Structure formats: C-alpha cells, structure tokens
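What follows is the content of upload14.tsv, which has TSV, C-alpha atoms:
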chain	number	residue	atom	x	y	z
A	1	MET	CA	-99.61	105.24	182.88
A	2	ASN	CA	-98.24	101.89	181.72
A	3	THR	CA	-96.63	99.31	184.00
A	4	LYS	CA	-93.08	100.25	183.03
A	5	THR	CA	-93.63	103.91	183.85
A	6	ALA	CA	-95.33	102.98	187.11
A	7	PHE	CA	-92.34	100.84	188.14
A	8	SER	CA	-89.74	103.41	187.20
A	9	THR	CA	-91.77	106.02	189.10
A	10	LEU	CA	-91.86	103.86	192.19
A	11	ALA	CA	-88.13	103.18	191.88
A	12	LEU	CA	-87.43	106.91	191.62
A	13	LEU	CA	-89.53	107.78	194.62
A	14	LEU	CA	-87.78	105.12	196.68
A	15	LEU	CA	-84.43	106.43	195.48
A	16	ALA	CA	-85.31	109.98	196.47
A	17	ALA	CA	-86.62	108.83	199.84
A	18	GLY	CA	-83.48	106.74	200.39
A	19	LEU	CA	-81.22	109.65	199.61
A	20	VAL	CA	-83.01	112.02	201.93
A	21	SER	CA	-83.66	109.76	204.90
A	22	PRO	CA	-80.05	109.52	206.20
A	23	LEU	CA	-79.95	113.31	206.16
A	24	LEU	CA	-83.06	113.45	208.29
A	25	ALA	CA	-81.63	111.03	210.81
A	26	ALA	CA	-78.90	113.54	211.52
A	27	ASP	CA	-81.57	115.93	212.77
A	28	SER	CA	-82.70	113.88	215.70
A	29	LYS	CA	-79.87	114.89	217.99
A	30	PRO	CA	-77.53	117.86	217.98
A	31	ALA	CA	-73.93	117.17	216.99
A	32	ALA	CA	-71.41	117.06	219.79
A	33	ALA	CA	-70.56	120.48	221.11
A	34	ALA	CA	-67.46	122.00	219.58
A	35	THR	CA	-65.83	122.94	222.84
A	36	THR	CA	-66.01	121.25	226.19
A	37	PRO	CA	-67.80	123.45	228.70
A	38	ALA	CA	-65.64	125.36	231.15
A	39	ALA	CA	-65.17	123.89	234.58
A	40	ALA	CA	-67.48	126.54	236.06
A	41	PRO	CA	-70.14	125.06	238.34
A	42	ALA	CA	-72.82	123.89	235.94
A	43	ARG	CA	-76.34	124.75	236.95
A	44	GLU	CA	-79.47	124.26	234.89
A	45	ILE	CA	-81.49	127.42	234.28
A	46	THR	CA	-85.18	127.96	233.71
A	47	LYS	CA	-86.70	130.01	230.92
A	48	GLU	CA	-87.56	132.73	233.45
A	49	GLN	CA	-83.94	132.93	234.60
A	50	ALA	CA	-82.79	133.17	230.98
A	51	ILE	CA	-85.22	136.03	230.39
A	52	GLU	CA	-83.97	137.78	233.51
A	53	MET	CA	-80.33	137.45	232.43
A	54	ALA	CA	-81.12	138.59	228.88
A	55	THR	CA	-83.07	141.67	229.92
A	56	LYS	CA	-80.35	142.61	232.39
A	57	ALA	CA	-77.81	142.55	229.53
A	58	HIS	CA	-80.16	144.15	227.00
A	59	PRO	CA	-83.07	146.06	228.56
A	60	GLY	CA	-86.22	146.16	226.48
A	61	GLU	CA	-89.40	144.29	225.65
A	62	VAL	CA	-89.14	140.48	225.46
A	63	THR	CA	-91.02	139.41	222.32
A	64	LYS	CA	-90.28	135.69	222.52
A	65	ALA	CA	-88.46	133.10	224.61
A	66	TYR	CA	-88.21	129.45	223.67
A	67	GLU	CA	-86.00	126.38	223.60
A	68	ASP	CA	-83.66	126.38	220.62
A	69	THR	CA	-80.55	124.57	219.48
A	70	LYS	CA	-77.55	126.81	218.93
A	71	LYS	CA	-74.11	125.56	217.88
A	72	GLY	CA	-75.08	122.06	218.95
A	73	LYS	CA	-76.24	123.12	222.42
A	74	LYS	CA	-79.74	123.18	223.83
A	75	THR	CA	-80.36	126.81	224.73
A	76	TRP	CA	-83.03	129.27	225.79
A	77	GLU	CA	-83.37	131.83	223.03
A	78	VAL	CA	-84.66	135.20	224.21
A	79	LYS	CA	-85.71	137.82	221.67
A	80	ILE	CA	-85.78	141.40	222.83
A	81	ASN	CA	-86.83	144.68	221.23
A	82	GLY	CA	-84.12	146.63	222.99
A	83	THR	CA	-84.48	150.14	224.39
A	84	ASP	CA	-81.30	150.83	222.38
A	85	GLY	CA	-83.41	150.46	219.22
A	86	LYS	CA	-81.86	147.11	218.28
A	87	LYS	CA	-83.50	143.69	218.06
A	88	TRP	CA	-81.52	141.28	220.22
A	89	GLU	CA	-81.35	137.50	220.14
A	90	VAL	CA	-79.60	136.02	223.16
A	91	HIS	CA	-78.90	132.32	223.71
A	92	TYR	CA	-78.10	130.76	227.12
A	93	GLU	CA	-77.22	127.10	227.44
A	94	ILE	CA	-79.97	125.39	229.44
A	95	LYS	CA	-77.62	122.98	231.21
A	96	THR	CA	-75.10	125.56	232.46
A	97	GLY	CA	-76.59	129.01	232.01
A	98	ALA	CA	-73.57	129.99	229.90
A	99	LEU	CA	-73.97	132.61	227.19
A	100	VAL	CA	-73.73	130.83	223.83
A	101	ALA	CA	-74.50	133.68	221.43
A	102	GLU	CA	-75.89	137.18	221.26
A	103	GLU	CA	-76.81	138.90	218.04
A	104	SER	CA	-78.40	142.20	217.21
A	105	LYS	CA	-79.93	143.58	214.06
B	106	MET	CA	-108.32	108.72	184.87
B	107	ASN	CA	-110.58	110.43	182.31
B	108	SER	CA	-109.52	109.92	178.75
B	109	PRO	CA	-108.39	113.20	177.20
B	110	ALA	CA	-110.75	114.99	174.83
B	111	ARG	CA	-110.03	114.32	171.19
B	112	ASP	CA	-108.35	117.61	170.46
B	113	GLU	CA	-106.31	117.47	173.66
B	114	VAL	CA	-103.16	115.63	174.59
B	115	THR	CA	-101.76	114.80	178.03
B	116	VAL	CA	-98.53	116.78	178.29
B	117	TRP	CA	-97.73	116.92	182.00
B	118	ASP	CA	-97.63	113.52	183.70
B	119	PRO	CA	-99.19	113.13	187.18
B	120	LEU	CA	-95.83	113.15	188.98
B	121	ILE	CA	-94.67	116.35	187.28
B	122	ARG	CA	-97.91	118.05	188.35
B	123	LEU	CA	-97.62	116.74	191.89
B	124	PHE	CA	-93.96	117.84	191.93
B	125	HIS	CA	-94.90	121.33	190.75
B	126	TRP	CA	-97.64	121.98	193.32
B	127	VAL	CA	-95.88	120.34	196.29
B	128	LEU	CA	-92.80	122.41	195.42
B	129	LEU	CA	-94.88	125.59	195.40
B	130	ALA	CA	-96.48	124.69	198.75
B	131	SER	CA	-93.13	123.80	200.33
B	132	PHE	CA	-91.45	126.98	199.09
B	133	CYS	CA	-94.32	129.14	200.43
B	134	LEU	CA	-94.25	127.30	203.76
B	135	ALA	CA	-90.49	127.76	204.07
B	136	TYR	CA	-90.79	131.43	203.16
B	137	PHE	CA	-93.66	132.18	205.54
B	138	THR	CA	-91.98	130.43	208.48
B	139	GLU	CA	-88.65	132.28	208.32
B	140	GLY	CA	-89.02	135.14	205.80
B	141	GLU	CA	-88.39	138.51	207.42
B	142	ALA	CA	-91.44	140.04	205.76
B	143	PHE	CA	-93.70	137.81	207.85
B	144	GLU	CA	-92.17	138.54	211.27
B	145	PRO	CA	-95.35	140.09	212.73
B	146	ILE	CA	-97.26	136.87	211.97
B	147	GLN	CA	-94.39	134.63	213.07
B	148	GLU	CA	-94.35	136.28	216.49
B	149	ARG	CA	-97.69	134.61	217.25
B	150	PHE	CA	-96.21	131.13	216.78
B	151	ASP	CA	-93.73	129.10	218.80
B	152	GLY	CA	-90.23	129.79	217.50
B	153	GLU	CA	-89.02	126.22	217.73
B	154	TRP	CA	-92.06	124.97	215.84
B	155	LEU	CA	-91.51	127.55	213.06
B	156	GLN	CA	-87.90	126.45	212.64
B	157	GLY	CA	-88.93	122.80	212.55
B	158	VAL	CA	-91.50	123.46	209.83
B	159	HIS	CA	-88.92	125.52	207.91
B	160	ALA	CA	-86.34	122.72	208.03
B	161	TRP	CA	-88.88	120.08	206.97
B	162	ALA	CA	-90.09	122.24	204.09
B	163	GLY	CA	-86.42	122.54	203.04
B	164	TYR	CA	-85.88	118.77	203.19
B	165	THR	CA	-89.04	118.27	201.13
B	166	ILE	CA	-87.68	120.65	198.49
B	167	LEU	CA	-84.38	118.74	198.49
B	168	GLY	CA	-86.23	115.46	197.86
B	169	LEU	CA	-88.30	117.11	195.11
B	170	LEU	CA	-85.16	118.46	193.42
B	171	LEU	CA	-83.55	115.02	193.42
B	172	PHE	CA	-86.72	113.55	191.96
B	173	ARG	CA	-86.97	116.23	189.25
B	174	ILE	CA	-83.37	115.80	188.14
B	175	ALA	CA	-83.81	112.03	187.84
B	176	TRP	CA	-87.19	112.49	186.13
B	177	GLY	CA	-85.48	114.78	183.61
B	178	PHE	CA	-83.55	111.73	182.39
B	179	VAL	CA	-85.99	108.86	182.77
B	180	GLY	CA	-89.44	110.50	182.86
B	181	PRO	CA	-91.93	110.74	180.01
B	182	ARG	CA	-91.10	112.73	176.87
B	183	TYR	CA	-92.19	116.21	177.96
B	184	ALA	CA	-90.53	115.88	181.38
B	185	ARG	CA	-87.09	115.11	179.94
B	186	PHE	CA	-84.33	117.70	179.80
B	187	ALA	CA	-83.63	116.57	176.24
B	188	ASP	CA	-87.09	117.86	175.28
B	189	PHE	CA	-86.73	121.41	176.59
B	190	VAL	CA	-83.08	122.37	177.10
B	191	PHE	CA	-81.86	124.50	174.20
B	192	GLY	CA	-78.73	126.54	173.58
B	193	PRO	CA	-78.54	130.22	174.60
B	194	ARG	CA	-79.01	131.43	171.01
B	195	VAL	CA	-82.26	129.50	170.55
B	196	VAL	CA	-83.49	130.77	173.92
B	197	ALA	CA	-82.59	134.40	173.06
B	198	ALA	CA	-84.28	134.12	169.66
B	199	TYR	CA	-87.41	132.67	171.29
B	200	VAL	CA	-87.54	135.42	173.93
B	201	ARG	CA	-87.27	138.00	171.15
B	202	ASP	CA	-90.16	136.32	169.28
B	203	VAL	CA	-92.22	136.23	172.48
B	204	LEU	CA	-91.75	139.95	173.03
B	205	MET	CA	-92.72	140.64	169.41
B	206	LEU	CA	-95.85	138.49	169.87
B	207	ARG	CA	-94.88	136.03	167.16
B	208	ALA	CA	-93.41	133.13	169.16
B	209	ARG	CA	-94.22	129.65	167.88
B	210	ARG	CA	-96.34	127.55	170.23
B	211	HIS	CA	-94.74	124.48	171.79
B	212	VAL	CA	-96.86	121.66	173.18
B	213	GLY	CA	-94.19	120.89	175.80
B	214	HIS	CA	-91.94	123.53	177.36
B	215	ASN	CA	-90.80	126.25	174.95
B	216	PRO	CA	-87.08	127.22	174.92
B	217	ALA	CA	-87.59	130.16	177.33
B	218	ALA	CA	-89.59	128.00	179.73
B	219	GLY	CA	-86.89	125.33	179.54
B	220	ALA	CA	-84.21	127.86	180.44
B	221	MET	CA	-86.39	129.08	183.32
B	222	ILE	CA	-86.74	125.53	184.66
B	223	ILE	CA	-82.95	125.11	184.70
B	224	LEU	CA	-82.53	128.47	186.46
B	225	LEU	CA	-85.23	127.60	188.99
B	226	LEU	CA	-83.58	124.24	189.71
B	227	LEU	CA	-80.25	126.03	190.22
B	228	GLY	CA	-81.80	128.74	192.40
B	229	LEU	CA	-83.59	126.20	194.56
B	230	THR	CA	-80.48	124.03	194.86
B	231	ALA	CA	-78.46	127.06	196.01
B	232	THR	CA	-81.20	127.92	198.53
B	233	VAL	CA	-81.34	124.38	199.92
B	234	VAL	CA	-77.55	123.95	200.10
B	235	THR	CA	-76.97	127.29	201.84
B	236	GLY	CA	-79.91	126.52	204.13
B	237	LEU	CA	-78.42	123.16	205.11
B	238	ALA	CA	-75.02	124.80	205.68
B	239	LEU	CA	-76.59	127.48	207.88
B	240	TYR	CA	-78.54	124.83	209.79
B	241	GLY	CA	-75.28	122.97	210.46
B	242	ALA	CA	-73.15	126.01	211.35
B	243	ASP	CA	-75.66	128.04	213.33
B	244	LYS	CA	-77.61	125.35	215.13
B	245	GLY	CA	-75.31	122.34	214.87
B	246	LEU	CA	-78.17	120.34	213.30
B	247	GLY	CA	-78.65	118.51	210.01
B	248	PRO	CA	-76.25	116.51	207.85
B	249	LEU	CA	-73.59	119.24	207.58
B	250	ALA	CA	-73.31	119.88	211.33
B	251	GLY	CA	-70.24	117.67	211.65
B	252	TRP	CA	-68.29	119.85	209.21
B	253	LEU	CA	-69.59	123.28	210.06
B	254	LEU	CA	-70.26	123.31	213.80
B	255	GLU	CA	-67.06	125.16	214.62
B	256	SER	CA	-67.80	127.99	212.19
B	257	SER	CA	-67.04	131.51	213.40
B	258	ASP	CA	-69.85	134.00	213.93
B	259	GLU	CA	-68.66	135.79	210.81
B	260	LYS	CA	-68.96	132.63	208.73
B	261	ILE	CA	-72.46	132.02	210.12
B	262	HIS	CA	-73.39	135.56	209.18
B	263	GLN	CA	-72.05	135.02	205.65
B	264	LEU	CA	-74.05	131.80	205.31
B	265	GLN	CA	-77.14	133.67	206.45
B	266	GLU	CA	-76.55	136.33	203.79
B	267	ALA	CA	-75.95	133.64	201.15
B	268	HIS	CA	-79.16	131.81	202.10
B	269	GLU	CA	-81.13	135.05	201.86
B	270	ALA	CA	-79.51	135.99	198.54
B	271	ALA	CA	-80.30	132.55	197.06
B	272	THR	CA	-83.91	132.84	198.29
B	273	HIS	CA	-84.32	136.30	196.77
B	274	PHE	CA	-82.77	135.13	193.49
B	275	THR	CA	-85.27	132.24	193.42
B	276	LEU	CA	-88.16	134.61	194.23
B	277	LEU	CA	-87.11	136.82	191.33
B	278	LEU	CA	-87.14	133.77	189.04
B	279	ILE	CA	-90.62	132.83	190.32
B	280	VAL	CA	-91.86	136.29	189.35
B	281	GLY	CA	-90.30	135.80	185.90
B	282	HIS	CA	-91.91	132.35	185.66
B	283	LEU	CA	-95.35	133.78	186.50
B	284	LEU	CA	-94.95	136.58	183.95
B	285	GLY	CA	-93.90	134.00	181.35
B	286	VAL	CA	-96.93	131.81	182.09
B	287	ALA	CA	-99.30	134.80	181.88
B	288	TRP	CA	-97.70	136.12	178.69
B	289	GLU	CA	-97.69	132.74	176.92
B	290	SER	CA	-101.28	132.02	178.02
B	291	PHE	CA	-102.30	135.32	176.47
B	292	LEU	CA	-100.19	134.90	173.34
B	293	HIS	CA	-101.44	131.41	172.50
B	294	ARG	CA	-104.92	131.77	173.97
B	295	GLU	CA	-104.62	128.85	176.35
B	296	ASN	CA	-104.80	128.41	180.10
B	297	LEU	CA	-101.39	127.11	181.14
B	298	VAL	CA	-102.32	127.03	184.84
B	299	ARG	CA	-105.18	124.65	184.05
B	300	ALA	CA	-102.75	122.52	182.01
B	301	MET	CA	-100.50	122.16	185.08
B	302	ILE	CA	-103.55	121.01	187.06
B	303	ASN	CA	-105.14	118.47	184.68
B	304	GLY	CA	-102.06	117.84	182.57
B	305	ARG	CA	-103.80	118.46	179.24
B	306	LYS	CA	-103.20	120.91	176.42
B	307	ARG	CA	-104.73	121.18	172.97
B	308	ARG	CA	-102.74	119.52	170.23
Represent the structure of the file as structure tokens.
Amino acid sequence: MNTKTAFSTLALLLLAAGLVSPLLAADSKPAAAATTPAAAPAREITKEQAIEMATKAHPGEVTKAYEDTKKGKKTWEVKINGTDGKKWEVHYEIKTGALVAEESK
Amino acid sequence: MNSPARDEVTVWDPLIRLFHWVLLASFCLAYFTEGEAFEPIQERFDGEWLQGVHAWAGYTILGLLLFRIAWGFVGPRYARFADFVFGPRVVAAYVRDVLMLRARRHVGHNPAAGAMIILLLLGLTATVVTGLALYGADKGLGPLAGWLLESSDEKIHQLQEAHEAATHFTLLLIVGHLLGVAWESFLHRENLVRAMINGRKRR
C-alpha cells in the first residue's frame, strides 16, 4: 500500500468513526419520557415485585426477568410462557411500578 | 506483506477483506442475539446484554456501510463502483452465461457479483435503518429516539415487521451470494473464498 492510499484510508476510517460516534452518544441515556407520569404515588419496585405483578396478570412460567428500557423508561421486563398458550412480555416502570407495555405472541 | 506469486495479482485490498469478514461477523452476531430461531440459546443469556450486543453489532454494520460506500468512490481499482456496476442488460446476459457454464472470467467482480454487492448494500442499509427506527420507537434509545419515542404500539409493531422483513431479504441475498461464489469457483476452477482471505487471484 503506498503512502497516498494509506492516508486516504486513515481519512476514511476517521470519517466513518466521526459519523457514527454522535449516534452512539445518544445511546448513553434514554430520551425524555413522552408523557409525564401520573400523579399516582410513585413507589420503586423490585424485580420480584414485577414478577409477582406480571404472573398475576398473566399466569404461567417466567422464563426471564431483567432490566430493560422501554419507550424511554427504565423498566423490569418479565417474559412469561403463559398458561393461555401465549408468550407474554410485560414491562413495569422501575421507578413507579406503572405498566408501560404488555405484548403477546 | 508477502509479495504475490508471479502468476497472481492482488485484487482485494486489505481494507476490503477486513470489511468483508467484520461485516460477516457483525451480521451473525446481530442475528444470533435477536433472531427468533435462536431463542432457546438466547434464554440462557441476560436479556439486556443480548440487546446491547445486538445494538453494537448494528452500529458496527452502519459504520462498515459508510466506509464501503466511500471506498467505492476513492478505494483502489477493484473496490470502486465504477469497476463493477453494470447495467441490467449486461447483468442479465452475464447471469445467462453463468447458467450455461460459459461466463467469461473477471479478475475483479463480475457483473452479477457487482449487482449482488449493490443489493447487499441496500438490504443491509434497510436492515440498519429499520433497526435504528425500532430502537428509537420501542426503547426510546439511539439517535432516532427523539423523533420516534411517541410512536403508537401499532407503529412499533410495523417497524418490527419491517426490520424482520429487511433481515430476511438480506439473508436471502446472502444465500444467493454464497451460491454465486460456489458456482463461480467451480466454473473458473479457483478458490474465491481464499481470494477474499489473502486478496490474491491468478491473472
């Protein structure tokens, strides 16, 4: 590889890195939540509480429960193989315990 | 770097080769971490970690795509679009010749391979763009979150479908690409996989 090619290569790599890096910065924190939370008394919930709430709504076997971001909110995601034959994914906001999303497939 | 053997010529520059194999690795990683076919394996890993790896694999592919497009204009001869992008008639005629086992050998990309590269770049771009949109709408993360955070559940579902469709389209192209590589290797009695590793082909 001659010097000219080496320089243009370096320039290209820097260009690509420069273009991608601002995008990555946006990952570090979730965007502001779309709606302001209701005035209901906010109470932080544990993973165990989230699992309890999820299985009450959708009885079945819990396959996974972990922290996940949903619609800009930090949530507990609980995955359930429901007794109704459906696979459920339920999200509760960690800070308030509010239901953010529930999906089945 | 070893100097090429006398009857061989360096066709694929080091960056093109690196691009090719990192792209393959990133695509596989992205597919294994979120692809539905691998759910039984995914269940053994932490869900948040899987999503993080998936997003980073996607960003890597985005960076690689930007590099490849730029390299198609300023890279060495065989990496340039001008060297391998032909009109539809030339491509169709070449495909016909390939199927009739009489296609002329090209040292760089042949017209069918050139068309496949363009399709792969389009398929991957669609996959990355729909992935970023889904990331923004569903999770409220990534560069598009600001625009898409208030998306309805229906819109999120549509984005999910679009991301899956783009991925499956790209997978189909990859199968076509592999068949093309195997067929051309057989037709011209040369190992094209080896050429993408050491960069060299016979003259």
For Leu284 of chain B, find every residue with an atom within 12 Å (counting all atoms listed in the file), except residues of its own chain fewer than 4 positions away, and show them as a VMD selection string. chain B and resid 203 to 204 217 to 218 221 277 to 280 288 to 292 297
Mind dumping the selected residues with C-alpha atoms as a compact mmCIF listing (two decimals), in the frame of the given file?
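See result_32.txt below for the written result:
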# COMPACT_ATOMS: atom_id res chain seq x y z
CA VAL B 203 -92.22 136.23 172.48
CA LEU B 204 -91.75 139.95 173.03
CA ALA B 217 -87.59 130.16 177.33
CA ALA B 218 -89.59 128.00 179.73
CA MET B 221 -86.39 129.08 183.32
CA LEU B 277 -87.11 136.82 191.33
CA LEU B 278 -87.14 133.77 189.04
CA ILE B 279 -90.62 132.83 190.32
CA VAL B 280 -91.86 136.29 189.35
CA TRP B 288 -97.70 136.12 178.69
CA GLU B 289 -97.69 132.74 176.92
CA SER B 290 -101.28 132.02 178.02
CA PHE B 291 -102.30 135.32 176.47
CA LEU B 292 -100.19 134.90 173.34
CA LEU B 297 -101.39 127.11 181.14
Select, counting only C-alpha atoms, all protein, DNA and RNA residues no farther than 7 Å from (-89.1, 137.5, 179.4) in file coordinates, and express the selection as a list in words.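 Checking each residue against the 7 Å limit leaves Val200, Gly281 and Gly285 of chain B.
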One-decimal distance in Å that lies between atom CA of Asn81 of chain A and atom CA of Gly60 of chain A: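 Between atom CA of Gly60 of chain A and atom CA of Asn81 of chain A the gap is 5.5 Å.
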Could you tell me which of B:Leu264, B:Ala287, B:Ile166, B:Leu237 comes closest to Phe132 of chain B if we count all atoms listed in the file?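 Looking only at the distances to Phe132 of chain B, the closest residue turns out to be B:Ile166.
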Between atom CA of Glu93 of chain A and atom CA of Thr46 of chain A, what is the distance, to one decimal in Å?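 Interatomic distance, atom CA of Glu93 of chain A to atom CA of Thr46 of chain A: 10.2 Å.
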